[in-house]
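Chemist: My structure file work-v2.txt, compact mmCIF, C-alpha atoms, is below:
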```txt
# COMPACT_ATOMS: atom_id res chain seq x y z
CA MET A 1 0.00 0.00 0.00
CA VAL A 2 1.23 3.54 -0.67
CA ILE A 3 3.63 5.23 1.74
CA CYS A 4 1.07 7.76 3.02
CA HIS A 5 -1.01 4.91 4.46
CA GLN A 6 1.95 3.45 6.33
CA GLN A 7 2.92 6.88 7.66
CA THR A 8 -0.54 7.59 9.08
CA LYS A 9 -1.03 4.41 11.10
CA HIS A 10 -2.40 4.54 14.63
CA SER A 11 -0.87 2.59 17.49
CA PHE A 12 -1.36 2.53 21.25
CA ILE A 13 1.73 4.73 21.62
CA SER A 14 1.09 7.15 18.73
CA ILE A 15 -2.42 8.00 19.93
CA ARG A 16 -1.09 9.06 23.31
CA LYS A 17 2.07 10.68 22.01
CA ASN A 18 0.56 12.76 19.21
CA SER A 19 -2.57 14.13 20.90
CA PHE A 20 -3.08 17.88 20.61
CA PHE A 21 -5.53 20.53 21.77
CA LEU A 22 -8.29 21.38 19.30
CA ASP A 23 -10.09 24.71 19.55
CA TRP A 24 -13.47 24.21 17.87
CA ARG A 25 -13.85 27.97 17.50
CA THR A 26 -11.19 27.77 14.78
CA GLN A 27 -13.02 25.19 12.64
CA PRO A 28 -12.94 26.31 8.97
CA LYS A 29 -16.26 26.81 7.22
CA ASN A 30 -17.55 23.78 5.34
CA PHE A 31 -19.79 25.36 2.72
CA LYS A 32 -18.28 26.66 -0.51
CA ILE A 33 -20.26 29.60 -1.87
CA TYR A 34 -19.52 31.25 -5.20
CA PRO A 35 -19.96 35.04 -5.55
CA HIS A 36 -23.47 36.47 -5.71
CA PHE A 37 -23.22 37.49 -9.38
CA HIS A 38 -23.36 33.86 -10.54
CA GLN A 39 -26.80 32.80 -11.78
CA ARG A 40 -28.57 30.28 -9.55
CA PHE A 41 -31.34 27.79 -10.22
CA LYS A 42 -33.64 26.36 -7.57
CA ILE A 43 -33.53 22.57 -7.93
CA ASP A 44 -37.18 22.09 -6.98
CA ASP A 45 -38.23 24.15 -10.03
CA TYR A 46 -37.17 21.38 -12.43
CA GLU A 47 -39.21 18.18 -12.65
CA GLU A 48 -36.35 16.13 -14.11
CA LEU A 49 -34.12 17.17 -11.21
CA LYS A 50 -36.68 16.35 -8.53
CA ASN A 51 -34.99 14.62 -5.55
CA LEU A 52 -31.53 15.81 -6.66
CA ASN A 53 -31.07 17.37 -3.20
CA LEU A 54 -30.74 13.84 -1.84
CA ILE A 55 -27.14 13.84 -3.13
CA GLY A 56 -25.97 15.91 -0.16
CA GLY A 57 -28.74 18.16 1.07
CA ILE A 58 -29.40 19.34 4.61
CA THR A 59 -31.45 16.86 6.65
CA TYR A 60 -31.24 18.39 10.12
CA GLU A 61 -30.12 21.62 11.80
CA LYS A 62 -28.64 21.72 15.30
CA GLN A 63 -28.39 24.97 17.23
CA TYR A 64 -25.38 25.68 19.44
CA PRO A 65 -24.29 28.87 21.24
CA GLN A 66 -21.52 29.35 18.66
CA GLY A 67 -23.91 28.88 15.72
CA SER A 68 -25.80 26.30 13.66
CA TYR A 69 -24.53 22.88 12.64
CA TYR A 70 -26.06 21.09 9.66
CA LEU A 71 -26.37 17.35 9.06
CA ARG A 72 -26.47 16.14 5.46
CA THR A 73 -27.62 13.06 3.60
CA ASN A 74 -24.05 11.73 3.66
CA PRO A 75 -22.00 11.13 6.82
CA SER A 76 -18.54 12.62 7.22
CA ALA A 77 -15.54 11.86 9.43
CA GLY A 78 -15.86 14.17 12.42
CA GLY A 79 -18.84 15.89 10.79
CA LEU A 80 -16.37 18.06 8.84
CA TYR A 81 -17.79 17.60 5.30
CA PRO A 82 -14.75 18.16 3.05
CA CYS A 83 -16.56 17.17 -0.18
CA GLU A 84 -17.97 19.48 -2.84
CA ILE A 85 -20.12 18.46 -5.82
CA TYR A 86 -20.01 19.88 -9.34
CA ILE A 87 -22.58 18.83 -11.93
CA GLN A 88 -22.35 19.13 -15.67
CA ILE A 89 -25.83 19.25 -17.20
CA ARG A 90 -26.35 18.68 -20.90
CA GLY A 91 -29.62 18.16 -22.74
CA ILE A 92 -32.07 18.48 -19.83
CA LYS A 93 -35.19 20.43 -20.73
CA GLY A 94 -35.57 23.88 -19.23
CA ILE A 95 -32.08 24.36 -17.82
CA LEU A 96 -28.99 25.71 -19.53
CA ASN A 97 -26.28 23.31 -20.64
CA GLY A 98 -23.49 24.10 -18.24
CA ILE A 99 -21.23 23.29 -15.33
CA TYR A 100 -22.82 23.95 -11.96
CA HIS A 101 -21.75 23.92 -8.35
CA TYR A 102 -24.23 22.23 -6.01
CA GLU A 103 -24.96 24.47 -3.02
CA SER A 104 -26.51 22.21 -0.38
CA LYS A 105 -27.37 24.95 2.09
CA SER A 106 -29.63 26.79 -0.38
CA ALA A 107 -30.64 23.73 -2.46
CA THR A 108 -29.56 25.49 -5.63
CA LEU A 109 -27.35 24.95 -8.65
CA CYS A 110 -24.87 27.79 -9.22
CA LEU A 111 -23.94 28.21 -12.89
CA LEU A 112 -20.17 28.43 -13.32
CA HIS A 113 -19.79 27.96 -17.07
CA GLU A 114 -22.26 27.71 -19.94
CA LEU A 115 -21.40 24.90 -22.35
CA ASN A 116 -21.27 24.94 -26.11
CA SER A 117 -19.25 22.18 -27.76
CA ASP A 118 -16.85 21.95 -24.81
CA GLY A 119 -17.27 19.89 -21.68
CA VAL A 120 -15.64 17.93 -18.87
CA GLU A 121 -15.80 14.80 -21.07
CA PHE A 122 -12.68 16.10 -22.85
CA TYR A 123 -10.72 15.08 -19.72
CA PHE A 124 -12.18 11.54 -19.62
CA ARG A 125 -11.00 8.47 -21.53
CA ASP A 126 -14.34 8.46 -23.39
CA LYS A 127 -14.47 12.00 -24.75
CA ARG A 128 -17.95 11.73 -26.25
CA GLN A 129 -20.43 14.34 -25.05
CA GLN A 130 -22.76 12.93 -22.42
CA LYS A 131 -26.43 13.84 -22.54
CA GLY A 132 -27.67 13.99 -18.97
CA LEU A 133 -25.82 14.49 -15.70
CA THR A 134 -22.11 14.18 -14.93
CA PHE A 135 -21.14 14.56 -11.27
CA LEU A 136 -17.64 15.49 -10.09
CA VAL A 137 -16.72 15.00 -6.43
CA SER A 138 -13.88 17.10 -5.01
CA THR A 139 -12.50 17.52 -1.50
CA ILE A 140 -11.22 20.61 0.28
CA TYR A 141 -8.70 18.87 2.49
CA PHE A 142 -8.17 21.54 5.18
CA ARG A 143 -11.70 21.01 6.47
CA SER A 144 -10.45 17.57 7.53
CA SER A 145 -6.72 18.17 8.15
CA TRP A 146 -7.65 20.97 10.58
CA LYS A 147 -8.64 18.16 12.97
CA TYR A 148 -6.99 15.00 11.68
CA GLN A 149 -3.69 16.39 10.33
CA ASN A 150 -1.83 13.96 8.03
CA ARG A 151 -4.29 11.11 8.56
CA SER A 152 -6.92 13.25 6.86
CA ILE A 153 -5.69 11.87 3.51
CA ARG A 154 -7.56 8.69 4.46
CA TYR A 155 -10.71 10.49 5.54
CA ILE A 156 -11.09 12.69 2.48
CA LEU A 157 -10.98 9.54 0.33
CA LEU A 158 -13.51 7.69 2.48
CA ASP A 159 -15.74 10.77 2.59
CA SER A 160 -15.56 10.93 -1.21
CA GLY A 161 -16.85 7.35 -1.26
CA HIS A 162 -19.72 8.23 1.06
CA GLN A 163 -20.51 11.18 -1.21
CA LEU A 164 -20.42 8.90 -4.25
CA GLY A 165 -22.82 6.55 -2.46
CA SER A 166 -25.18 9.42 -1.68
CA ILE A 167 -25.25 10.47 -5.33
CA TYR A 168 -25.82 6.87 -6.43
CA ALA A 169 -28.70 6.40 -3.96
CA ALA A 170 -30.31 9.70 -5.00
CA LEU A 171 -30.17 8.63 -8.65
CA CYS A 172 -31.83 5.33 -7.70
CA VAL A 173 -34.71 7.34 -6.21
CA MET A 174 -34.80 9.40 -9.43
CA GLY A 175 -34.94 6.22 -11.53
CA LYS A 176 -31.59 6.93 -13.20
CA GLU A 177 -28.58 4.70 -13.88
CA SER A 178 -25.06 5.34 -12.57
CA GLU A 179 -21.59 4.78 -13.96
CA PHE A 180 -18.57 5.43 -11.73
CA VAL A 181 -15.51 7.03 -13.31
CA PHE A 182 -12.09 7.02 -11.61
CA ASP A 183 -9.67 7.25 -14.53
CA PHE A 184 -9.68 10.84 -15.78
CA GLU A 185 -7.33 13.83 -15.90
CA LYS A 186 -7.93 15.00 -12.35
CA ARG A 187 -5.06 17.44 -12.11
CA GLU A 188 -5.93 19.07 -15.44
CA LEU A 189 -9.52 19.46 -14.30
CA ASN A 190 -8.31 20.89 -10.99
CA GLU A 191 -6.55 23.60 -12.99
CA MET A 192 -9.51 24.26 -15.31
CA PHE A 193 -11.87 24.53 -12.34
CA GLY A 194 -9.64 27.18 -10.81
CA PHE A 195 -8.63 24.99 -7.88
CA ARG A 196 -5.38 25.53 -6.07
CA ASP A 197 -3.70 22.70 -4.20
CA ASP A 198 -6.27 22.90 -1.40
CA GLU A 199 -9.13 21.41 -3.50
CA MET A 200 -8.82 18.13 -5.37
CA MET A 201 -10.96 16.17 -7.83
CA MET A 202 -11.52 12.63 -6.52
CA CYS A 203 -14.05 10.75 -8.64
CA ALA A 204 -16.91 11.19 -11.09
CA LEU A 205 -20.28 9.65 -11.86
CA ASN A 206 -22.14 9.64 -15.17
CA SER A 207 -25.91 9.38 -15.35
CA SER A 208 -26.14 9.97 -19.06
CA THR A 209 -26.10 8.60 -22.59
CA PRO A 210 -23.17 9.24 -24.96
CA LYS A 211 -23.59 11.26 -28.14
CA GLU A 212 -21.60 10.71 -31.33
CA VAL A 213 -19.68 13.98 -31.15
CA GLU A 214 -16.67 14.44 -28.87
CA ALA A 215 -16.45 17.26 -26.35
CA LYS A 216 -13.81 19.92 -26.81
CA LYS A 217 -11.52 21.31 -24.14
CA LEU A 218 -13.19 23.74 -21.74
CA THR A 219 -13.02 27.17 -23.31
CA GLN A 220 -12.21 29.02 -20.09
CA GLN A 221 -10.72 28.46 -16.69
CA LEU A 222 -13.19 28.88 -13.85
CA SER A 223 -12.59 31.45 -11.12
CA TYR A 224 -10.87 30.42 -7.90
CA VAL A 225 -13.13 30.51 -4.85
CA SER A 226 -11.87 29.31 -1.48
CA GLY A 227 -13.82 26.55 0.19
CA CYS A 228 -12.63 27.65 3.65
CA ASP A 229 -12.37 31.01 5.34
CA TYR A 230 -8.67 30.35 5.97
CA LEU A 231 -6.09 27.69 5.13
CA GLU A 232 -3.20 25.96 6.85
CA LYS A 233 -1.35 24.08 4.12
CA ASN A 234 -0.50 20.43 4.61
CA GLU A 235 2.26 19.38 2.21
CA PHE A 236 1.90 15.72 3.23
CA VAL A 237 -1.74 15.56 2.11
CA GLU A 238 -1.08 17.50 -1.09
CA ASP A 239 1.86 15.25 -2.05
CA ALA A 240 -0.06 12.07 -1.18
CA TYR A 241 -2.88 13.14 -3.47
CA LYS A 242 -0.53 13.94 -6.36
CA GLN A 243 1.25 10.61 -6.01
CA SER A 244 -1.95 8.55 -6.01
CA CYS A 245 -4.44 10.40 -8.22
CA SER A 246 -3.37 8.91 -11.58
CA TYR A 247 -4.12 5.25 -12.28
CA GLU A 248 -5.78 3.14 -14.97
CA SER A 249 -9.28 1.95 -14.16
CA GLN A 250 -12.32 0.74 -16.04
CA ASN A 251 -15.63 2.49 -15.36
CA ILE A 252 -18.06 0.71 -13.04
CA SER A 253 -21.66 0.33 -14.20
CA LYS A 254 -24.69 -1.90 -13.68
CA ILE A 255 -24.66 -1.27 -9.92
CA ASN A 256 -27.82 -2.74 -8.45
CA PHE A 257 -27.87 -2.46 -4.67
CA PHE A 258 -31.30 -0.77 -4.60
CA ASN A 259 -32.97 -2.03 -7.78
CA SER A 260 -35.72 -3.82 -5.82
CA THR A 261 -36.13 -1.14 -3.15
CA PRO A 262 -39.30 1.00 -3.44
CA LYS A 263 -38.21 4.55 -4.27
CA GLU A 264 -40.17 6.22 -1.48
CA GLN A 265 -38.72 3.83 1.11
CA LEU A 266 -35.20 4.55 -0.12
CA LYS A 267 -35.85 8.29 -0.08
CA ASP A 268 -37.12 8.04 3.49
CA ALA A 269 -34.00 6.08 4.51
CA ILE A 270 -31.72 8.67 2.92
CA MET A 271 -33.43 11.48 4.83
CA LYS A 272 -33.50 9.66 8.19
CA ARG A 273 -29.99 8.17 8.10
CA ARG A 274 -27.84 9.13 11.08
CA SER A 275 -24.59 7.87 12.61
CA ILE A 276 -25.47 6.04 15.81
CA ARG A 277 -23.56 6.96 18.97
CA ALA A 278 -24.28 3.88 21.11
CA PHE A 279 -25.88 0.44 20.81
CA LYS A 280 -28.38 -1.13 23.21
CA GLN A 281 -26.79 -4.50 22.35
CA THR A 282 -30.02 -6.05 21.17
CA PRO A 283 -29.35 -8.84 18.61
CA ILE A 284 -30.23 -8.26 14.97
CA THR A 285 -31.92 -11.04 13.03
CA CYS A 286 -30.20 -13.21 10.46
CA SER A 287 -32.58 -11.92 7.77
CA GLU A 288 -31.69 -8.30 8.63
CA PHE A 289 -28.00 -9.10 8.37
CA ASP A 290 -28.42 -11.00 5.09
CA TYR A 291 -30.35 -8.08 3.59
CA ILE A 292 -27.65 -5.61 4.61
CA VAL A 293 -24.76 -7.63 3.12
CA ASN A 294 -26.57 -8.89 0.01
CA GLY A 295 -24.27 -8.32 -2.97
CA LEU A 296 -21.67 -6.61 -0.79
CA PHE A 297 -18.88 -9.19 -0.85
CA GLU A 298 -19.18 -9.93 -4.57
CA PHE A 299 -18.86 -6.23 -5.40
CA ALA A 300 -15.97 -5.70 -2.97
CA THR A 301 -13.82 -8.62 -4.10
CA THR A 302 -14.32 -7.66 -7.76
CA TYR A 303 -12.44 -4.45 -6.96
CA SER A 304 -9.69 -5.91 -4.72
CA ILE A 305 -11.38 -5.22 -1.37
CA ASP A 306 -11.64 -7.95 1.25
CA ILE A 307 -14.27 -7.42 3.93
CA PHE A 308 -13.62 -9.10 7.28
CA TYR A 309 -16.18 -8.84 10.05
CA THR A 310 -16.73 -9.99 13.60
CA VAL A 311 -20.20 -11.25 14.46
CA HIS A 312 -21.09 -10.44 18.05
CA SER A 313 -24.87 -10.62 18.18
CA VAL A 314 -26.78 -11.95 15.17
CA GLU A 315 -29.58 -14.45 15.85
CA SER A 316 -28.89 -17.96 14.48
CA LYS A 317 -25.39 -16.98 13.34
CA LYS A 318 -22.17 -18.24 14.91
CA MET A 319 -20.09 -15.66 16.70
CA GLY A 320 -16.65 -15.30 15.22
CA LEU A 321 -14.43 -13.75 12.57
CA TYR A 322 -15.58 -13.93 8.95
CA LYS A 323 -13.97 -13.00 5.63
CA ASN A 324 -16.12 -12.15 2.59
CA GLY A 325 -19.03 -14.18 3.98
CA THR A 326 -17.05 -17.24 5.17
CA LEU A 327 -16.39 -18.12 8.81
CA VAL A 328 -12.64 -18.00 9.49
CA LYS A 329 -12.54 -18.48 13.26
CA GLU A 330 -15.24 -19.10 15.84
CA GLY A 331 -15.08 -17.08 19.01
CA ILE A 332 -16.30 -14.17 21.12
CA PHE A 333 -14.51 -11.08 19.81
CA HIS A 334 -16.50 -8.08 21.00
CA GLU A 335 -13.77 -7.02 23.46
CA LYS A 336 -11.15 -7.42 20.74
CA SER A 337 -13.20 -5.33 18.32
CA LYS A 338 -13.62 -2.66 20.97
CA TYR A 339 -9.86 -2.54 21.59
CA LEU A 340 -8.99 -2.40 17.89
CA SER A 341 -11.43 0.52 17.45
CA LEU A 342 -9.18 2.67 19.66
CA GLU A 343 -11.09 1.26 22.64
CA GLN A 344 -14.35 2.82 21.47
CA ASN A 345 -17.48 1.07 22.74
CA LEU A 346 -19.07 1.17 19.29
CA GLY A 347 -16.63 -1.40 17.93
CA GLY A 348 -17.45 -3.98 20.61
CA GLN A 349 -21.11 -3.29 21.44
CA SER A 350 -22.20 -3.68 17.82
CA ALA A 351 -23.97 -6.71 16.42
CA VAL A 352 -21.35 -6.79 13.65
CA THR A 353 -18.15 -4.81 13.05
CA PHE A 354 -16.84 -4.71 9.48
CA TYR A 355 -13.18 -4.26 8.46
CA PHE A 356 -12.56 -3.04 4.89
CA THR A 357 -9.09 -4.07 3.68
CA SER A 358 -7.03 -4.12 0.49
CA ASP A 359 -3.50 -4.65 -0.82
CA ASP A 360 -4.07 -2.86 -4.14
CA ALA A 361 -1.42 -0.12 -3.93
CA PRO A 362 -1.70 1.11 -7.56
CA ASN A 363 -5.41 1.83 -7.00
CA TYR A 364 -5.06 3.25 -3.51
CA GLN A 365 -7.48 6.12 -4.10
CA LYS A 366 -10.02 3.85 -5.77
CA VAL A 367 -10.15 1.14 -3.08
CA ASN A 368 -10.49 3.76 -0.35
CA ILE A 369 -13.26 5.59 -2.20
CA LEU A 370 -15.06 2.31 -2.93
CA SER A 371 -14.77 1.33 0.74
CA GLY A 372 -16.54 4.57 1.63
CA PHE A 373 -19.12 3.86 -1.07
CA LEU A 374 -19.83 0.37 0.28
CA ALA A 375 -20.05 1.78 3.80
CA GLN A 376 -22.71 4.20 2.55
CA ILE A 377 -24.64 1.28 1.08
CA ILE A 378 -24.50 -0.48 4.46
CA TYR A 379 -25.67 2.72 6.18
CA LEU A 380 -28.75 2.94 3.97
CA LYS A 381 -29.53 -0.77 4.00
CA SER A 382 -29.25 -0.74 7.79
CA GLU A 383 -31.65 2.21 7.98
CA LEU A 384 -34.09 0.33 5.75
CA GLN A 385 -34.00 -2.54 8.28
CA GLY A 386 -34.23 -0.36 11.39
CA VAL A 387 -30.61 -1.14 12.30
CA GLY A 388 -28.13 1.50 13.52
CA CYS A 389 -24.80 2.13 11.84
CA SER A 390 -21.62 4.14 12.39
CA GLY A 391 -18.31 4.46 10.58
CA ILE A 392 -15.07 4.11 12.57
CA GLY A 393 -12.11 5.75 10.88
CA ALA A 394 -9.65 5.45 13.77
CA TYR A 395 -8.22 2.07 14.79
CA TYR A 396 -4.96 0.33 15.64
CA ASP A 397 -3.74 -0.53 12.14
CA ASP A 398 -1.11 -3.18 12.79
CA LYS A 399 -3.00 -4.84 15.63
CA ALA A 400 -6.07 -5.11 13.38
CA LYS A 401 -3.99 -6.73 10.62
CA GLU A 402 -2.56 -9.17 13.14
CA PHE A 403 -6.02 -10.10 14.45
CA LEU A 404 -7.49 -10.54 10.97
CA GLY A 405 -4.49 -12.55 9.82
CA THR A 406 -3.99 -10.45 6.69
CA THR A 407 -1.21 -8.51 5.02
CA ASN A 408 -3.82 -6.15 3.57
CA SER A 409 -3.93 -2.57 4.78
CA ILE A 410 -6.93 -1.68 6.92
CA LEU A 411 -8.97 1.04 5.24
CA TYR A 412 -12.10 1.49 7.33
CA LEU A 413 -14.22 0.01 10.12
CA LEU A 414 -18.01 0.09 10.30
CA ALA A 415 -20.29 -1.03 13.11
CA ILE A 416 -23.97 -2.01 12.86
CA GLY A 417 -26.42 -3.01 15.55
CA LYS A 418 -29.36 -2.05 17.72
```
Give the structure from this file in structure tokens form.
Modeler:
Amino acid sequence: MVICHQQTKHSFISIRKNSFFLDWRTQPKNFKIYPHFHQRFKIDDYEELKNLNLIGGITYEKQYPQGSYYLRTNPSAGGLYPCEIYIQIRGIKGILNGIYHYESKSATLCLLHELNSDGVEFYFRDKRQQKGLTFLVSTIYFRSSWKYQNRSIRYILLDSGHQLGSIYAALCVMGKESEFVFDFEKRELNEMFGFRDDEMMMCALNSSTPKEVEAKKLTQQLSYVSGCDYLEKNEFVEDAYKQSCSYESQNISKINFFNSTPKEQLKDAIMKRRSIRAFKQTPITCSEFDYIVNGLFEFATTYSIDIFYTVHSVESKKMGLYKNGTLVKEGIFHEKSKYLSLEQNLGGQSAVTFYFTSDDAPNYQKVNILSGFLAQIIYLKSELQGVGCSGIGAYYDDKAKEFLGTTNSILYLLAIGK
């Protein structure tokens, strides 16, 4: 696995040695707003874009003395929300062909560039113009590195996967297909979108049909707008991104996690999804577990991800350590899972704790993003079954590898239960 992963491992010693004081009054803003002179379009005014706000819209507002805090349809490590979404629209009735920035707080699309024969497709392997929607997910790393420092390189990738999963689920509600795109000229697009090193393109999603004509290069560079009110540069994160952002990858299509799920039920799950803070330790049923993991292991292993998990409390299912659906070792491992999760109760009080792992170094960004995507699928499937869920991004890396009996790097932990 790439060097940045090895250099950001947690251990019993490092957690205690590298702790630092965090002043929450200094948290950078996590909404990117373009200047007022850009034209904006209210999403609800367009029938074909109905439910588009499910991609990352506000689902709940919390009031604190220092201000308001907003929850969104996608979870985020530490609730820091480093991701931004850009949407290219082409051939949708009533709205200009153009590149838009999605503004979740106002539920609007902000027009950044009106298209003619140019388009973001020029920077993809398939340069044909796409009729429909093309989503680009970026991250503004300082929103995360402000709290997590160098280890934030992991979290911005996982958050990008959660964001990708939110877009995919929203499109399922809208009755639209999805195709994931990882292999494109990210750094060129960063430049054309006016980004500096603090914002980075991560992945893309097409919900469109190709036309015969190829797109031309974007005719103008977009204006730079900061996604934070201030910036403390992190050379480690910037270098790690540059070293891992280019790789060859086929697009991923025919994704069918929610094909049989009624659209209104899925929409309700998206809106109600929350990260659980504690479990009552009530067992989940075998049918609930089977529903949640249906199709999960086949998808993961296709893209070089092995999913281990410890079963602590699932009715009619043996307790023990499993790998990709197969029992590896029987045993009671809830205390072990708690310890490996930096001694957090969530890891041990869950019904099941998942460990996403991979040894695919050339596709480091991709396997991390897809781990976040699969975690988002588990979140939503759990919500559909009335089961709680929470991601765990901090864990003892080497101890987890030793327990699982794998040479794979540990990418993410996820706990489900009641």
Chemist: Using all atoms listed in the file, tabulate the residues of stretch 371-410 of chain A lying at most 9 Å from any atom of stretch 322-337 of chain A, each with its closest atom pair and that distance in Å to one decimal, by chain and increasing residue number, as a tab-separated table.
Modeler:
```
residue	atom	partner	partner_atom	distance
A:Ala400	CA	A:Ser337	CA	8.7
A:Phe403	CA	A:Lys336	CA	8.5
A:Leu404	CA	A:Lys323	CA	8.7
```
Chemist: When you look at A:Ile153 with a cut-off of 9 Å (counting all atoms listed in the file), what residues show up, excluding the ones that are within fewer than 3 positions of it in the same chain? I need them as a ChimeraX atom specification.
Modeler: /A:4-5,8,141,144-145,148-150,156-158,236-238,240-241
Chemist: Could you list as a PDB file with C-alpha atoms, keeping the file's coordinate frame every residue that has an atom within 9 Å of (-2.2, 0.5, -0.7), using the file's coordinates and counting only C-alpha atoms?
Modeler:
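File written: part-v9.pdb
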```
ATOM      1  CA  MET A   1       0.000   0.000   0.000  1.00  0.00           C
ATOM      2  CA  VAL A   2       1.230   3.540  -0.670  1.00  0.00           C
ATOM      3  CA  ILE A   3       3.630   5.230   1.740  1.00  0.00           C
ATOM      4  CA  CYS A   4       1.070   7.760   3.020  1.00  0.00           C
ATOM      5  CA  HIS A   5      -1.010   4.910   4.460  1.00  0.00           C
ATOM      6  CA  GLN A   6       1.950   3.450   6.330  1.00  0.00           C
ATOM      7  CA  SER A 358      -7.030  -4.120   0.490  1.00  0.00           C
ATOM      8  CA  ASP A 359      -3.500  -4.650  -0.820  1.00  0.00           C
ATOM      9  CA  ASP A 360      -4.070  -2.860  -4.140  1.00  0.00           C
ATOM     10  CA  ALA A 361      -1.420  -0.120  -3.930  1.00  0.00           C
ATOM     11  CA  PRO A 362      -1.700   1.110  -7.560  1.00  0.00           C
ATOM     12  CA  ASN A 363      -5.410   1.830  -7.000  1.00  0.00           C
ATOM     13  CA  TYR A 364      -5.060   3.250  -3.510  1.00  0.00           C
ATOM     14  CA  GLN A 365      -7.480   6.120  -4.100  1.00  0.00           C
ATOM     15  CA  VAL A 367     -10.150   1.140  -3.080  1.00  0.00           C
ATOM     16  CA  ASN A 368     -10.490   3.760  -0.350  1.00  0.00           C
ATOM     17  CA  ASN A 408      -3.820  -6.150   3.570  1.00  0.00           C
ATOM     18  CA  SER A 409      -3.930  -2.570   4.780  1.00  0.00           C
TER      19      SER A 409
END
```
Chemist: Counting all atoms listed in the file, which residues have an atom no more than 9 Å from (-9.1, -5.9, 3.5) in the file's coordinates? Please list them as a VMD selection string.
Modeler: chain A and resid 304 to 308 323 355 to 359 401 404 406 to 412
Chemist: I need the residue nearest A:Tyr123 from this list: A:Ile392, A:Phe184, A:Tyr100, A:Cys83. Use only C-alpha atoms for the distance.
Modeler: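 With only C-alpha atoms as the atom set, the closest residue is A:Phe184.
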Chemist: Please determine, counting all atoms listed in the file, which residue among A:Ala394, A:Val311, A:Ala415, A:Met174 has the shortest atom-to-atom distance to A:Ala77.
Modeler: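 Closest to A:Ala77 of all the choices is A:Ala394.
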Chemist: Considering all atoms listed in the file, can you say which of A:Phe182, A:Phe279, A:Phe193, A:Phe124 comes closest to A:Asn345?
Modeler: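 Ranking A:Phe182, A:Phe279, A:Phe193, A:Phe124 by distance to A:Asn345, first place goes to A:Phe279.
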Chemist: So that I can see what lies close to A:Tyr86, please list as a list in words the residues with an atom at most 10 Å from it, counting all atoms listed in the file and leaving out residues fewer than 5 positions away in the same chain.
Modeler: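 Listed by chain and then number, they are Ile99, Tyr100, His101, Tyr102, Glu103, Leu109, Cys110, Leu111, Leu112, Thr134, Phe135, Leu136, Val137, Ser138, Phe193, Met201 and Ala204 of chain A.
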Chemist: For A:Lys317, which residue among A:Cys286, A:Leu218, A:Phe41, A:Leu296 is the nearest when counting all atoms listed in the file?
Modeler: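 For A:Lys317, the nearest of the candidates is A:Cys286.
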